[in-house]
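Each remark here refers to the structure printed beneath this line.
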Amino acid sequence: MGVSEIKIELERENGVFYAGEVVRGTVTFVVNGSVTCRGLQIHCRGRSHVHWHTGSGDSRSDYDGTTEFQNQRVTLHGNYYKSGLINNAGSDAFFDRVRGSGTILIPADGAEQGRMPLIVRVMDYDFGKRDDLLGELVIDAADLARSGDLKQFPLTRNGKPEKGQVVLSAKLVPFHSLFPTKASATGVAVSAVAVKDQCLVLTVHSATDLRKADWGAGRNDVYVQCYRVPPSKEIVPRKKLPGPDKKTLLPTGTTTYPFAFQLRNDAPGSAEIRAGDRAFVRYDLYAHA
């Protein structure tokens, strides 16, 4: 039992996309037997990196530089959605600086246009340890979308006011306006179970004045997660908000999901550069359970 195959196919057979275009395609998961996990995701990352050194032996000095200009993920299956990660953000995380890093896409049914409660959590990522909760809140995403405005929300933790605030905006759009829903150029058809009526585009613009979660000189590495209130749990006033469902049953057999990522208008082209010891501009797509 388990996920035996993951296959990503791009809408264009040559795999070439240009700055400002939308990278569209499908990702197919083959699941054998009964499998539960947190969910299925696909991630798009664009970055440039250079490494060089001077001297040799005991006198060698190494230098590295990395710039991230695209960081976006889409949850394909499950009730757990995440923004990109802002490394070394400290007390103030500004998501608009990296294309797509604050964009969270949540497929929705038509009935949720009236009311769509979501729990939103601002988190500090810790490698190898449990991530720290910086603050949380409940929003009605449908109401936020109807307002058409950017809104600032204060954070709470364990049911009490907490330092910090988060600025959000949202819109509801037809699902097919974002994602390919028919057979792609490569002949892969999207599974009916993967198609919804609407898609909520929730944008995290900033999370500021956050409490310090890391000891010493460490700085918060900030991301935002959101999820619908799990059916088995309820929100109790002045109490910690319920956590996300960490187990979802995957569809058995072969299921194909659509994805789409908007490239920056000024996105640099991919390149392997002969400079220093190693230099490149790369875009990566990877899917996982």
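Letters A, B, ... go to the chains of the structure tokens in the order shown; residues in each chain start at 1; ligands are counted from 1 in the same order.
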Write out, as a tab-separated table, each residue of segment 13-93 of chain A that has an atom at most 10 Å from segment 113-133 of chain A, together with the closest pair of atoms and their distance in Å to one decimal, counting only C-alpha atoms, rows going by chain and rising number.
```
residue	atom	partner	partner_atom	distance
A:Tyr81	CA	A:Val120	CA	9.6
A:Lys82	CA	A:Arg121	CA	9.5
A:Ser83	CA	A:Val122	CA	9.8
A:Leu85	CA	A:Tyr125	CA	8.1
A:Ile86	CA	A:Tyr125	CA	9.4
A:Asn87	CA	A:Tyr125	CA	8.7
A:Asn88	CA	A:Asp124	CA	9.9
A:Ala89	CA	A:Asp124	CA	9.5
A:Gly90	CA	A:Asp124	CA	9.4
```
Members of segment 94-183 of chain A assigned alpha helix (DSSP H) by DSSP, as a PyMOL selection string
chain A and resi 141-147+175-178
So how many Å separate atom CA of Tyr286 of chain A and atom CA of Arg24 of chain A, to one decimal?
13.5 Å
When distances are computed from only C-alpha atoms, which of A:Thr36, A:Gln165, A:Thr75, A:Ser59 shows the smallest separation from Asp92 of chain A?
A:Gln165
Skip segment 97-112 of chain A itself and residues of its chain fewer than 2 positions away, then list as number ranges by chain all residues within 7 Å of it, counting only C-alpha atoms.
A: 69-72, 74, 81-85, 94-95, 114-116, 196-205, 264
Residues of the last selection are to be written out with C-alpha atoms, as an mmCIF file, in the first residue's frame.
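Wrote it out as out.cif, contents follow:
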```cif
data_model
loop_
_atom_site.group_PDB
_atom_site.id
_atom_site.type_symbol
_atom_site.label_atom_id
_atom_site.label_comp_id
_atom_site.auth_asym_id
_atom_site.auth_seq_id
_atom_site.Cartn_x
_atom_site.Cartn_y
_atom_site.Cartn_z
ATOM 1 C CA PHE A 69 11.963 35.023 -6.526
ATOM 2 C CA GLN A 70 9.139 32.465 -6.720
ATOM 3 C CA ASN A 71 7.718 30.419 -3.864
ATOM 4 C CA GLN A 72 4.203 29.034 -4.132
ATOM 5 C CA VAL A 74 -1.024 24.392 -4.046
ATOM 6 C CA TYR A 81 -3.161 24.916 3.059
ATOM 7 C CA LYS A 82 0.113 26.836 3.416
ATOM 8 C CA SER A 83 1.756 29.977 2.156
ATOM 9 C CA GLY A 84 5.388 30.141 1.151
ATOM 10 C CA LEU A 85 8.097 30.512 3.802
ATOM 11 C CA PHE A 94 6.232 40.761 4.114
ATOM 12 C CA PHE A 95 4.917 38.196 1.648
ATOM 13 C CA GLY A 114 -22.257 32.603 1.411
ATOM 14 C CA ARG A 115 -20.064 31.704 4.383
ATOM 15 C CA MET A 116 -16.604 30.149 4.543
ATOM 16 C CA LYS A 196 -14.614 22.233 -7.918
ATOM 17 C CA ASP A 197 -17.063 25.065 -8.643
ATOM 18 C CA GLN A 198 -15.025 27.891 -7.150
ATOM 19 C CA CYS A 199 -11.558 28.668 -5.850
ATOM 20 C CA LEU A 200 -10.782 31.008 -2.984
ATOM 21 C CA VAL A 201 -7.637 33.053 -3.626
ATOM 22 C CA LEU A 202 -6.512 34.059 -0.137
ATOM 23 C CA THR A 203 -3.549 36.444 -0.131
ATOM 24 C CA VAL A 204 -1.347 36.988 2.916
ATOM 25 C CA HIS A 205 0.254 40.409 2.486
ATOM 26 C CA ARG A 264 6.625 37.137 -12.333
#
```
Please return, as JSON, numbers by chain, all residues of segment 26-186 of chain A that DSSP assigns to strand (DSSP E) on the basis of the backbone.
{"A": [26, 27, 28, 29, 30, 31, 32, 36, 37, 40, 41, 42, 43, 44, 45, 46, 47, 48, 49, 50, 51, 52, 53, 54, 61, 62, 63, 64, 65, 66, 67, 68, 69, 70, 71, 72, 73, 74, 75, 76, 77, 81, 82, 93, 94, 103, 104, 105, 106, 107, 108, 117, 118, 119, 120, 121, 122, 123, 124, 132, 133, 134, 135, 136, 137, 138, 139, 140, 151, 152, 153, 154, 155, 156, 157, 160, 161, 162, 163, 164, 165, 166, 167, 168, 169, 170, 171, 172, 173, 174]}
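Distance annotation: of A:Glu272, A:Asp62, A:Glu136, A:Asp96, the residue with the minimal separation from Pro242 of chain A is A:Glu136; atom set is only C-alpha atoms.
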Which polymer residues have any atom within 8 Å of an atom of Val3 of chain A, counting only C-alpha atoms, with same-chain residues fewer than 4 positions away left out, as a ChimeraX atom specification?
/A:29-32,35,289
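Counting only C-alpha atoms, Gly276 of chain A has the following residues at most 12 Å away, ignoring those fewer than 2 positions along the same chain: A:His49, A:Val50, A:His51, A:Trp52, A:His53, A:Thr54, A:Asp62, A:Tyr63, A:Asp64, A:Gly65, A:Glu272, A:Ile273, A:Arg274, A:Arg278, A:Ala279, A:Phe280.
Between atom CA of Pro244 of chain A and atom CA of Gln262 of chain A the interatomic distance comes to 27.6 Å.
Proximity to Ala260 of chain A at 8 Å, evaluated using only C-alpha atoms and with sequence-adjacent residues fewer than 3 positions away removed, yields Val22, Val23, Arg24, Gly25, Leu178, Phe179 and Pro180 of chain A.
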